[in-house]
$ cat upload28.cif   # mmCIF, C-alpha atoms
data_input
#
loop_
_atom_site.label_atom_id
_atom_site.label_comp_id
_atom_site.auth_asym_id
_atom_site.auth_seq_id
_atom_site.Cartn_x
_atom_site.Cartn_y
_atom_site.Cartn_z
CA MET V 1 -5.67 -30.04 9.43
CA SER V 2 -5.41 -27.18 6.96
CA ASN V 3 -3.09 -27.50 3.99
CA GLU V 4 -2.79 -23.73 3.70
CA THR V 5 0.53 -22.04 4.43
CA PRO V 6 -0.10 -18.82 6.40
CA GLY V 7 1.40 -15.77 4.72
CA TYR V 8 2.09 -17.49 1.41
CA ILE V 9 0.46 -15.88 -1.65
CA PRO V 10 0.23 -18.11 -4.76
CA VAL V 11 1.50 -16.67 -8.03
CA SER V 12 -2.02 -16.71 -9.48
CA GLU V 13 -2.98 -14.01 -6.98
CA TRP V 14 -0.06 -11.67 -7.67
CA PRO V 15 -1.10 -8.29 -9.13
CA ASP V 16 -0.27 -7.37 -12.72
CA LEU V 17 2.71 -5.11 -13.20
CA GLU V 18 0.67 -2.22 -14.54
CA ALA V 19 -1.14 -2.03 -11.19
CA LEU V 20 2.19 -2.18 -9.37
CA ALA V 21 3.57 0.81 -11.28
CA VAL V 22 1.01 3.30 -9.96
CA GLY V 23 2.54 6.05 -7.84
CA TYR V 24 6.12 4.83 -7.73
CA GLY V 25 7.47 8.15 -8.94
CA GLU V 26 6.40 9.97 -5.77
CA HIS V 27 9.87 9.80 -4.20
CA LEU V 28 11.79 10.17 -7.47
CA MET V 29 14.32 13.00 -7.45
CA SER V 30 13.88 15.93 -9.83
CA GLU V 31 15.14 15.60 -13.38
CA SER V 32 18.40 17.32 -14.32
CA ASN V 33 18.95 19.61 -17.31
CA LYS V 34 22.75 19.75 -16.92
CA LEU V 35 23.31 17.62 -20.03
CA ASN V 36 21.25 19.89 -22.29
CA GLY V 37 23.25 20.88 -25.36
CA LYS V 38 26.09 18.46 -24.60
CA ARG V 39 27.44 15.78 -26.92
CA LEU V 40 28.96 12.76 -25.18
CA VAL V 41 30.69 9.96 -27.04
CA LEU V 42 30.85 6.58 -25.32
CA THR V 43 33.58 4.17 -26.38
CA PHE V 44 32.61 0.63 -25.41
CA ASN V 45 34.99 -2.21 -24.60
CA ASP V 46 34.44 -3.79 -28.02
CA GLY V 47 35.54 -0.55 -29.71
CA THR V 48 32.04 0.61 -30.70
CA ARG V 49 31.61 4.39 -30.36
CA ILE V 50 28.15 5.85 -29.82
CA ALA V 51 27.54 9.60 -29.71
CA HIS V 52 24.69 11.01 -27.61
CA GLN V 53 23.57 14.55 -28.41
CA PHE V 54 21.29 15.94 -25.69
CA SER V 55 19.26 18.40 -27.73
CA ASP V 56 17.00 19.76 -24.99
CA ASP V 57 15.33 18.78 -21.72
CA ASN V 58 13.88 15.53 -23.05
CA THR V 59 15.24 14.71 -26.52
CA LEU V 60 18.52 13.07 -27.47
CA LYS V 61 19.98 11.80 -30.72
CA TRP V 62 22.18 8.71 -30.66
CA GLU V 63 24.54 7.69 -33.44
CA ILE V 64 26.81 4.67 -33.86
CA LEU V 65 29.84 6.37 -35.37
CA GLU V 66 31.18 3.30 -37.16
CA SER V 67 27.97 2.66 -39.12
CA ALA V 68 26.20 6.05 -39.00
CA GLN V 69 23.11 4.24 -37.69
CA SER V 70 21.17 6.76 -35.63
CA GLY V 71 17.88 7.59 -33.99
CA LYS V 72 16.08 9.94 -31.63
CA ALA V 73 14.55 9.23 -28.25
CA GLU V 74 12.86 10.95 -25.34
CA TYR V 75 15.09 10.69 -22.29
CA LYS V 76 15.10 11.43 -18.59
CA ALA V 77 18.31 12.35 -16.78
CA LEU V 78 18.71 12.27 -13.00
CA GLU V 79 21.86 13.51 -11.25
CA VAL V 80 22.15 11.01 -8.41
CA ARG V 81 25.42 12.56 -7.19
CA PRO V 82 27.35 15.59 -8.49
CA ALA V 83 28.55 14.66 -12.03
CA ILE V 84 27.00 11.16 -11.80
CA PHE V 85 23.95 10.70 -14.01
CA PHE V 86 21.24 8.06 -14.40
CA ILE V 87 19.85 8.39 -17.95
CA ASP V 88 16.94 6.36 -19.28
CA PHE V 89 15.36 6.22 -22.75
CA TYR V 90 13.42 3.89 -25.04
CA LYS V 91 14.34 3.03 -28.64
CA PRO V 92 11.00 2.05 -30.24
CA ASP V 93 12.50 0.81 -33.51
CA HIS V 94 14.56 -1.71 -31.54
CA GLU V 95 12.13 -2.39 -28.65
CA GLU V 96 14.96 -1.60 -26.25
CA GLN V 97 15.09 0.33 -23.00
CA VAL V 98 18.52 1.88 -22.47
CA THR V 99 19.89 2.99 -19.11
CA LEU V 100 23.21 4.83 -18.96
CA ILE V 101 25.17 5.40 -15.77
CA LEU V 102 27.72 8.15 -16.42
CA ASN V 103 30.38 9.50 -14.10
CA THR V 104 31.42 12.58 -16.04
CA SER V 105 34.23 13.39 -13.59
CA THR V 106 36.03 10.03 -13.94
CA GLY V 107 34.98 9.20 -17.51
CA GLN V 108 33.43 5.90 -16.41
CA ALA V 109 30.18 4.69 -17.96
CA ILE V 110 28.04 1.60 -18.27
CA ALA V 111 25.02 0.90 -20.45
CA GLY V 112 22.24 -1.50 -19.53
CA ILE V 113 20.15 -2.41 -22.59
CA SER V 114 16.91 -4.32 -21.99
CA GLY V 115 14.91 -6.07 -24.68
CA PHE V 116 12.62 -9.07 -25.08
CA HIS V 117 13.06 -12.74 -25.89
CA THR V 118 10.89 -15.84 -25.67
CA LYS V 119 11.56 -18.43 -22.97
CA ASP V 120 9.24 -21.36 -22.21
CA ASN V 121 6.67 -19.81 -24.55
CA GLN V 122 6.66 -16.59 -22.50
CA LYS V 123 7.87 -13.15 -23.50
CA ARG V 124 10.63 -12.30 -21.07
CA THR V 125 12.97 -9.40 -20.47
CA ARG V 126 16.73 -9.69 -21.01
CA THR V 127 19.35 -7.08 -20.11
CA LYS V 128 22.93 -6.83 -21.35
CA PHE V 129 25.55 -4.58 -19.76
CA SER V 130 28.49 -2.96 -21.55
CA HIS V 131 31.22 -0.88 -19.93
CA ALA V 132 32.40 2.26 -21.70
CA SER V 133 34.48 5.40 -21.33
CA ILE V 134 33.20 8.91 -21.97
CA ASP V 135 34.70 10.91 -24.84
CA GLY V 136 37.44 8.31 -25.22
CA ASP V 137 38.91 6.49 -28.17
CA SER V 138 39.86 2.84 -28.42
CA ASP V 139 43.30 3.50 -26.87
CA SER V 140 42.46 5.89 -24.05
CA SER V 141 39.39 3.86 -23.00
CA ASN V 142 41.76 1.14 -21.77
CA THR V 143 43.10 3.53 -19.12
CA ILE V 144 39.67 4.10 -17.55
CA ALA V 145 38.79 1.31 -15.13
CA PRO V 146 35.20 0.02 -15.40
CA PHE V 147 32.88 0.02 -12.40
CA GLN V 148 33.92 -2.95 -10.27
CA PRO V 149 31.87 -5.72 -8.60
CA THR V 150 31.44 -5.06 -4.89
CA GLN V 151 30.75 -6.93 -1.68
CA ASP V 152 29.75 -3.76 0.19
CA LEU V 153 26.03 -4.61 0.21
CA ILE V 154 26.43 -8.20 1.39
CA GLY V 155 24.83 -8.75 4.80
CA LYS V 156 22.86 -5.50 4.71
CA HIS V 157 19.13 -5.47 5.50
CA ILE V 158 17.66 -2.31 3.97
CA LEU V 159 14.14 -0.85 4.01
CA TYR V 160 13.06 1.10 0.90
CA ARG V 161 10.00 3.40 1.00
CA TYR V 162 8.86 4.03 -2.59
CA THR V 163 5.62 5.81 -1.68
CA PRO V 164 3.85 6.58 1.62
CA ARG V 165 2.06 3.25 1.04
CA ASP V 166 4.67 0.98 -0.60
CA ALA V 167 7.62 -0.35 1.38
CA TYR V 168 10.02 -3.24 0.70
CA GLU V 169 12.88 -4.83 2.57
CA HIS V 170 15.98 -6.20 0.83
CA ILE V 171 18.52 -8.64 2.24
CA TYR V 172 21.72 -9.07 0.24
CA HIS V 173 23.15 -12.58 0.60
CA ASN V 174 26.11 -12.55 -1.81
CA GLN V 175 27.24 -10.73 -4.95
CA GLY V 176 24.72 -12.61 -7.06
CA THR V 177 21.67 -13.16 -4.82
CA PHE V 178 19.25 -11.06 -2.75
CA THR V 179 15.78 -11.39 -1.25
CA TRP V 180 12.98 -8.82 -1.47
CA HIS V 181 9.79 -8.73 0.61
CA CYS V 182 6.92 -6.27 0.28
CA LEU V 183 5.91 -5.00 3.74
CA SER V 184 3.06 -2.72 2.61
CA GLY V 185 1.38 -1.62 -0.59
CA THR V 186 0.21 -3.32 -3.78
CA GLU V 187 2.45 -6.38 -3.36
CA LYS V 188 2.07 -6.71 0.42
CA GLY V 189 3.15 -10.16 1.53
CA LEU V 190 4.92 -11.08 -1.70
CA ALA V 191 8.57 -12.11 -1.49
CA ASP V 192 11.19 -13.88 -3.56
CA THR V 193 14.91 -14.44 -3.91
CA GLU V 194 16.42 -13.26 -7.19
CA PRO V 195 19.74 -13.28 -9.10
CA CYS V 196 21.41 -9.88 -9.08
CA LYS V 197 24.50 -7.88 -9.97
CA MET V 198 26.25 -5.32 -7.75
CA LEU V 199 28.78 -2.73 -8.93
CA LYS V 200 30.41 0.10 -7.00
CA VAL V 201 30.03 3.45 -8.75
CA ALA V 202 31.41 5.74 -6.03
CA LYS V 203 31.81 5.78 -2.25
CA LYS V 204 28.58 4.33 -0.80
CA LEU V 205 26.95 4.46 -4.25
CA TYR V 206 26.08 1.21 -6.01
CA LEU V 207 24.49 -0.07 -9.19
CA LEU V 208 22.11 -2.90 -8.32
CA PHE V 209 20.53 -5.00 -11.08
CA TRP V 210 18.13 -7.88 -10.64
CA SER V 211 16.06 -10.20 -12.78
CA GLU V 212 12.86 -11.62 -11.30
CA LYS V 213 12.04 -15.29 -11.76
CA ILE V 214 8.25 -15.10 -11.56
CA MET V 215 7.44 -11.67 -12.96
CA PRO V 216 9.22 -10.89 -16.27
CA VAL V 217 10.83 -7.81 -14.69
CA GLU V 218 14.41 -6.57 -14.76
CA SER V 219 15.43 -3.56 -12.67
CA ILE V 220 18.45 -1.25 -12.69
CA VAL V 221 18.81 0.78 -9.51
CA MET V 222 21.31 3.21 -8.04
CA VAL V 223 21.52 2.64 -4.27
CA ASP V 224 22.97 5.64 -2.44
CA LEU V 225 23.83 4.81 1.17
CA GLU V 226 25.29 8.26 1.76
CA ARG V 227 22.11 10.15 0.87
CA MET V 228 19.96 7.16 1.88
CA ARG V 229 17.83 6.88 -1.22
CA SER V 230 17.56 4.85 -4.39
CA THR V 231 16.86 5.77 -8.01
CA GLY V 232 15.98 3.25 -10.67
CA ARG V 233 13.76 1.81 -13.34
CA PHE V 234 12.11 -1.44 -14.20
CA PHE V 235 11.24 -2.72 -17.65
CA CYS V 236 9.17 -5.72 -18.62
CA TRP V 237 6.49 -7.28 -20.76
CA ASP V 238 3.34 -7.59 -18.66
CA PRO V 239 1.64 -10.84 -19.72
CA LYS V 240 -1.78 -9.88 -18.32
CA PRO V 241 -2.52 -6.71 -20.34
CA LYS V 242 0.07 -7.90 -22.91
CA ARG V 243 1.96 -4.64 -23.13
CA ARG V 244 5.35 -3.14 -22.36
CA VAL V 245 5.66 -1.59 -18.93
CA GLN V 246 8.46 0.81 -18.01
CA MET V 247 8.70 2.87 -14.87
CA LEU V 248 11.17 5.15 -13.11
CA PHE V 249 11.07 5.04 -9.33
CA GLY V 250 12.78 6.47 -6.29
CA SER V 251 12.82 5.62 -2.61
CA TYR V 252 14.06 6.67 0.79
CA ALA V 253 16.29 4.03 2.37
CA THR V 254 16.94 2.90 5.94
CA VAL V 255 19.60 0.37 6.90
CA LEU V 256 17.85 -1.91 9.40
CA ALA V 257 20.75 -4.24 10.17
CA GLU V 258 24.12 -5.44 8.94
CA THR V 259 25.55 -8.89 9.53
CA ASP V 260 28.65 -10.85 8.60
CA ALA V 261 27.33 -14.42 8.55
CA ALA V 262 30.26 -15.68 6.46
CA GLY V 263 32.68 -14.14 8.94
CA VAL V 264 30.93 -15.86 11.87
CA VAL V 265 31.10 -19.21 10.07
CA ALA V 266 34.77 -18.68 9.25
CA SER V 267 35.59 -17.82 12.89
CA LYS V 268 34.05 -21.11 14.10
CA MET V 269 36.05 -23.30 11.74
#

$ encode --input "upload28.cif" --output "structure tokens"
Amino acid sequence: MSNETPGYIPVSEWPDLEALAVGYGEHLMSESNKLNGKRLVLTFNDGTRIAHQFSDDNTLKWEILESAQSGKAEYKALEVRPAIFFIDFYKPDHEEQVTLILNTSTGQAIAGISGFHTKDNQKRTRTKFSHASIDGDSDSSNTIAPFQPTQDLIGKHILYRYTPRDAYEHIYHNQGTFTWHCLSGTEKGLADTEPCKMLKVAKKLYLLFWSEKIMPVESIVMVDLERMRSTGRFFCWDPKPKRRVQMLFGSYATVLAETDAAGVVASKM
């Protein structure tokens, strides 16, 4: 009798992340230049104020106003909805990848800052989120509600096509847990269940963040169930080539099913 488990792929046979990253920008939306020449100040919940000057199509200067600490970075800005931007840039002096989600019509913002730390003798990724208001001060920022946790994705089974070759399905179990499974492409057959975070940014538009247990990857994604696509990035330290890997990606989405398992359980009690 065979001891093999059909369909199961051991971790030792998983591809390295550099191989995974090939081609994932094929369905990425075009970059936006609407922020060119603008200066946006973000006031964070702890009172810190950081100015972002978008000098041209790909260069911004950031400055912490309280300390005058500053730096420059190459950035990419994507307008996922009118006046809602996904901005991504790397700060080499700090080894940090910064993703900003800005709703310039409501003044809402959130920053996801990813860096590295050592856990169990492995270099891992760690992301911290901070809510902010745009062009606010410490008083007015209290009047702008942060993006709120949502249950809208729970029970949804969604197919994401990142390239003509790479397709994944997601199943969202609760606000903190989802399962991914690669149906075709580089990771075909791989699957896992990961911790996640879900925030509602606008009607049918969500910020999804997850941290993978096996691969040292953390992803920040905007899921748009009105336009049926996703826009995001992952950031990690790839232990095989021993280098930083960062990638922007986009996909076309299809809702395959939607269930209310908790509701069924509750109705039987």

$ atom_distance --input "upload28.cif" --atom1 "CA of His52 (chain V)" --atom2 "CA of Ser70 (chain V)"
9.7 Å

$ atom_distance --input "upload28.cif" --atom1 "CA of Lys188 (chain V)" --atom2 "CA of Val255 (chain V)"
20.0 Å

$ resolve_selection --input "upload28.cif" --expression "the PyMOL selection byres ((chain V and resi 222) around 9)" --output "list in words"
Val80, Phe86, Ile101, Val201, Leu205, Tyr206, Leu207, Leu208, Phe209, Ile220, Val221, Val223, Asp224, Arg229, Ser230, Thr231 and Gly232 of chain V

$ write_last_selection --input "upload28.cif" --atoms "C-alpha atoms" --output "PDB file, keeping the file's coordinate frame"
ATOM      1  CA  VAL V  80      22.150  11.010  -8.410  1.00  0.00           C
ATOM      2  CA  PHE V  86      21.240   8.060 -14.400  1.00  0.00           C
ATOM      3  CA  ILE V 101      25.170   5.400 -15.770  1.00  0.00           C
ATOM      4  CA  VAL V 201      30.030   3.450  -8.750  1.00  0.00           C
ATOM      5  CA  LEU V 205      26.950   4.460  -4.250  1.00  0.00           C
ATOM      6  CA  TYR V 206      26.080   1.210  -6.010  1.00  0.00           C
ATOM      7  CA  LEU V 207      24.490  -0.070  -9.190  1.00  0.00           C
ATOM      8  CA  LEU V 208      22.110  -2.900  -8.320  1.00  0.00           C
ATOM      9  CA  PHE V 209      20.530  -5.000 -11.080  1.00  0.00           C
ATOM     10  CA  ILE V 220      18.450  -1.250 -12.690  1.00  0.00           C
ATOM     11  CA  VAL V 221      18.810   0.780  -9.510  1.00  0.00           C
ATOM     12  CA  VAL V 223      21.520   2.640  -4.270  1.00  0.00           C
ATOM     13  CA  ASP V 224      22.970   5.640  -2.440  1.00  0.00           C
ATOM     14  CA  ARG V 229      17.830   6.880  -1.220  1.00  0.00           C
ATOM     15  CA  SER V 230      17.560   4.850  -4.390  1.00  0.00           C
ATOM     16  CA  THR V 231      16.860   5.770  -8.010  1.00  0.00           C
ATOM     17  CA  GLY V 232      15.980   3.250 -10.670  1.00  0.00           C
TER      18      GLY V 232
END

$ closest_residue --input "upload28.cif" --among "V:Glu31, V:Glu194, V:Glu95, V:Glu258" --to "Val245 (chain V)" --atoms "only C-alpha atoms"
V:Glu95

$ residues_around --input "upload28.cif" --residues "Lys34 (chain V)" --least-positions-apart "2" --cutoff "10 Å" --atoms "only C-alpha atoms" --output "count of residues only"
13

$ closest_residue --input "upload28.cif" --among "V:Thr127, V:Ser133, V:Ser55, V:Ser267" --to "Cys236 (chain V)" --atoms "only C-alpha atoms"
V:Thr127

$ closest_residue --input "upload28.cif" --among "V:Val217, V:Val41, V:Ala51, V:Leu183" --to "Arg124 (chain V)" --atoms "only C-alpha atoms"
V:Val217

$ atom_distance --input "upload28.cif" --atom1 "CA of Ala109 (chain V)" --atom2 "CA of Lys203 (chain V)"
15.8 Å

$ closest_residue --input "upload28.cif" --among "V:Gly263, V:Pro164, V:Gly115, V:Pro216" --to "Lys91 (chain V)" --atoms "only C-alpha atoms"
V:Gly115

$ residues_around --input "upload28.cif" --residues "region 153-155 of chain V" --least-positions-apart "4" --cutoff "12 Å" --atoms "all atoms listed in the file" --output "PDB file with C-alpha atoms, in the coordinates of the input"
ATOM      1  CA  PRO V 149      31.870  -5.720  -8.600  1.00  0.00           C
ATOM      2  CA  HIS V 170      15.980  -6.200   0.830  1.00  0.00           C
ATOM      3  CA  ILE V 171      18.520  -8.640   2.240  1.00  0.00           C
ATOM      4  CA  TYR V 172      21.720  -9.070   0.240  1.00  0.00           C
ATOM      5  CA  HIS V 173      23.150 -12.580   0.600  1.00  0.00           C
ATOM      6  CA  ASN V 174      26.110 -12.550  -1.810  1.00  0.00           C
ATOM      7  CA  GLN V 175      27.240 -10.730  -4.950  1.00  0.00           C
ATOM      8  CA  GLY V 176      24.720 -12.610  -7.060  1.00  0.00           C
ATOM      9  CA  THR V 177      21.670 -13.160  -4.820  1.00  0.00           C
ATOM     10  CA  PHE V 178      19.250 -11.060  -2.750  1.00  0.00           C
ATOM     11  CA  THR V 179      15.780 -11.390  -1.250  1.00  0.00           C
ATOM     12  CA  CYS V 196      21.410  -9.880  -9.080  1.00  0.00           C
ATOM     13  CA  LYS V 197      24.500  -7.880  -9.970  1.00  0.00           C
ATOM     14  CA  MET V 198      26.250  -5.320  -7.750  1.00  0.00           C
ATOM     15  CA  LEU V 199      28.780  -2.730  -8.930  1.00  0.00           C
ATOM     16  CA  LYS V 200      30.410   0.100  -7.000  1.00  0.00           C
ATOM     17  CA  LYS V 204      28.580   4.330  -0.800  1.00  0.00           C
ATOM     18  CA  LEU V 205      26.950   4.460  -4.250  1.00  0.00           C
ATOM     19  CA  TYR V 206      26.080   1.210  -6.010  1.00  0.00           C
ATOM     20  CA  LEU V 207      24.490  -0.070  -9.190  1.00  0.00           C
ATOM     21  CA  LEU V 208      22.110  -2.900  -8.320  1.00  0.00           C
ATOM     22  CA  VAL V 223      21.520   2.640  -4.270  1.00  0.00           C
ATOM     23  CA  ASP V 224      22.970   5.640  -2.440  1.00  0.00           C
ATOM     24  CA  LEU V 225      23.830   4.810   1.170  1.00  0.00           C
ATOM     25  CA  VAL V 255      19.600   0.370   6.900  1.00  0.00           C
ATOM     26  CA  LEU V 256      17.850  -1.910   9.400  1.00  0.00           C
ATOM     27  CA  ALA V 257      20.750  -4.240  10.170  1.00  0.00           C
ATOM     28  CA  GLU V 258      24.120  -5.440   8.940  1.00  0.00           C
ATOM     29  CA  THR V 259      25.550  -8.890   9.530  1.00  0.00           C
ATOM     30  CA  ASP V 260      28.650 -10.850   8.600  1.00  0.00           C
ATOM     31  CA  ALA V 261      27.330 -14.420   8.550  1.00  0.00           C
ATOM     32  CA  ALA V 262      30.260 -15.680   6.460  1.00  0.00           C
ATOM     33  CA  GLY V 263      32.680 -14.140   8.940  1.00  0.00           C
ATOM     34  CA  VAL V 264      30.930 -15.860  11.870  1.00  0.00           C
TER      35      VAL V 264
END

$ closest_residue --input "upload28.cif" --among "V:Glu96, V:Glu74, V:Asp192, V:Glu226" --to "Lys128 (chain V)" --atoms "all atoms listed in the file"
V:Glu96

$ resolve_selection --input "upload28.cif" --expression "the PyMOL selection byres ((chain V and resi 50) around 12)" --output "PyMOL selection string"
chain V and resi 39-49+51-53+61-71+100+111+132-137

$ closest_residue --input "upload28.cif" --among "V:Ser219, V:Ser251, V:Asn33, V:Asn58" --to "Ser114 (chain V)" --atoms "only C-alpha atoms"
V:Ser219
